[in-house]
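Asks: Submitted below is the structure of interest, expressed as C-alpha cells.
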Amino acid sequence: MASKTFISPNISCGHCTHTIEMEVGEIAGVTSVKADEESKQVTVEWQDPATWDQIQATLVEINYPPEGLIQVN
C-alpha cells in the first residue's frame with residue numbers, strides 16, 4: 001500500500017474537505033482519504049489499481065491541487 005501526505009492550499013472549509021474525501025475516495029484502489037481544514041493537509045492511502053498520477057489528476061480536476069508533499073511512502 002502507498003500513501004502520501006501533502007498540503008492543498010485551496011482548502012478553506014468543511015465542504016472542501018468533504019469534496020476531497022468523496023471525490024478521491026471514489027477512485028478504485030483508494031483505501032483512505034483524510035483531509036483537515038485547519039492544516040490544509042490531506043493524506044491518501046491506496047493500492048492497485050489506483051496510481052498517484054490518477055489521484056493527483058483528480059485533485060487538480062476538482063480544484064484542490066496538491067502542493068508541498070510532506071510524506072511519501
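How things are named: the first chain in the C-alpha cells is A, the next is B, and so on; residues count from 1 in each chain; ligands count from 1 in the order shown.
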For stretch 14-30 of chain A, list every protein, DNA or RNA residue within 8 Å, evaluated using only C-alpha atoms, and leave out those in the same chain fewer than 2 positions away; present the list as a PDB file with C-alpha atoms, in the first residue's frame.

Replies:
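That gives us out16.pdb:
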ATOM      1  CA  ILE A  11      -8.955  24.061   1.373  1.00  0.00           C
ATOM      2  CA  SER A  12     -10.942  26.727   3.218  1.00  0.00           C
ATOM      3  CA  SER A  32      -8.333   6.050   2.855  1.00  0.00           C
ATOM      4  CA  VAL A  33      -8.603   9.821   2.393  1.00  0.00           C
ATOM      5  CA  LYS A  34      -8.302  12.235   5.304  1.00  0.00           C
ATOM      6  CA  ALA A  35      -8.443  15.999   4.734  1.00  0.00           C
ATOM      7  CA  ASP A  36      -8.003  18.569   7.509  1.00  0.00           C
ATOM      8  CA  GLU A  37      -9.477  22.063   7.235  1.00  0.00           C
ATOM      9  CA  VAL A  44      -4.286   9.490   0.843  1.00  0.00           C
ATOM     10  CA  GLU A  45      -3.626   5.744   1.028  1.00  0.00           C
ATOM     11  CA  TRP A  46      -4.068   3.496  -1.979  1.00  0.00           C
ATOM     12  CA  GLN A  47      -3.219   0.227  -3.676  1.00  0.00           C
ATOM     13  CA  ASP A  48      -3.592  -1.119  -7.204  1.00  0.00           C
ATOM     14  CA  PRO A  49      -5.282  -0.230  -9.469  1.00  0.00           C
ATOM     15  CA  ALA A  50      -5.054   3.386  -8.182  1.00  0.00           C
ATOM     16  CA  ILE A  55      -5.143  10.742  -7.650  1.00  0.00           C
ATOM     17  CA  THR A  58      -8.487  14.093  -9.757  1.00  0.00           C
ATOM     18  CA  LEU A  59      -7.337  16.668  -7.191  1.00  0.00           C
ATOM     19  CA  ILE A  62     -11.734  19.358  -8.591  1.00  0.00           C
ATOM     20  CA  TYR A  64      -7.637  21.139  -4.896  1.00  0.00           C
TER      21      TYR A  64
END

Asks: Considering only C-alpha atoms, state which residue in the set A:Asn63, A:Gln56, A:Thr43, A:Thr51 is at the smallest distance from A:Phe6.

Replies: A:Thr43

Asks: List every residue of chain A that DSSP, applied to the backbone, labels as strand (DSSP E or B), and write the result as a PDB file with C-alpha atoms, in the first residue's frame.

Replies:
ATOM      1  CA  ALA A   2       1.223   3.501  -0.799  1.00  0.00           C
ATOM      2  CA  SER A   3       0.419   6.796   0.909  1.00  0.00           C
ATOM      3  CA  LYS A   4       1.176  10.472   0.563  1.00  0.00           C
ATOM      4  CA  THR A   5       0.549  13.449   2.825  1.00  0.00           C
ATOM      5  CA  PHE A   6       0.501  16.878   1.225  1.00  0.00           C
ATOM      6  CA  ILE A   7      -0.854  20.410   1.509  1.00  0.00           C
ATOM      7  CA  VAL A  30      -8.057   4.267  -2.766  1.00  0.00           C
ATOM      8  CA  THR A  31      -8.414   2.874   0.739  1.00  0.00           C
ATOM      9  CA  SER A  32      -8.333   6.050   2.855  1.00  0.00           C
ATOM     10  CA  VAL A  33      -8.603   9.821   2.393  1.00  0.00           C
ATOM     11  CA  LYS A  34      -8.302  12.235   5.304  1.00  0.00           C
ATOM     12  CA  ALA A  35      -8.443  15.999   4.734  1.00  0.00           C
ATOM     13  CA  GLN A  41      -3.218  18.634   4.954  1.00  0.00           C
ATOM     14  CA  VAL A  42      -4.519  15.657   3.036  1.00  0.00           C
ATOM     15  CA  THR A  43      -3.383  12.057   3.480  1.00  0.00           C
ATOM     16  CA  VAL A  44      -4.286   9.490   0.843  1.00  0.00           C
ATOM     17  CA  GLU A  45      -3.626   5.744   1.028  1.00  0.00           C
ATOM     18  CA  TRP A  46      -4.068   3.496  -1.979  1.00  0.00           C
ATOM     19  CA  GLU A  67       1.424  21.108  -3.153  1.00  0.00           C
ATOM     20  CA  GLY A  68       4.260  20.551  -0.755  1.00  0.00           C
ATOM     21  CA  LEU A  69       4.468  16.792  -0.304  1.00  0.00           C
ATOM     22  CA  ILE A  70       5.107  16.184   3.368  1.00  0.00           C
ATOM     23  CA  GLN A  71       5.465  12.423   3.458  1.00  0.00           C
ATOM     24  CA  VAL A  72       5.791   9.825   0.731  1.00  0.00           C
TER      25      VAL A  72
END

Asks: Give the helix (DSSP H, G or I) residues of stretch 12-62 of chain A, as assigned by DSSP on the backbone, as JSON, numbers by chain.

Replies: {"A": [14, 15, 16, 17, 18, 19, 20, 21, 22, 23, 24, 25, 52, 53, 54, 55, 56, 57, 58, 59, 60, 61]}
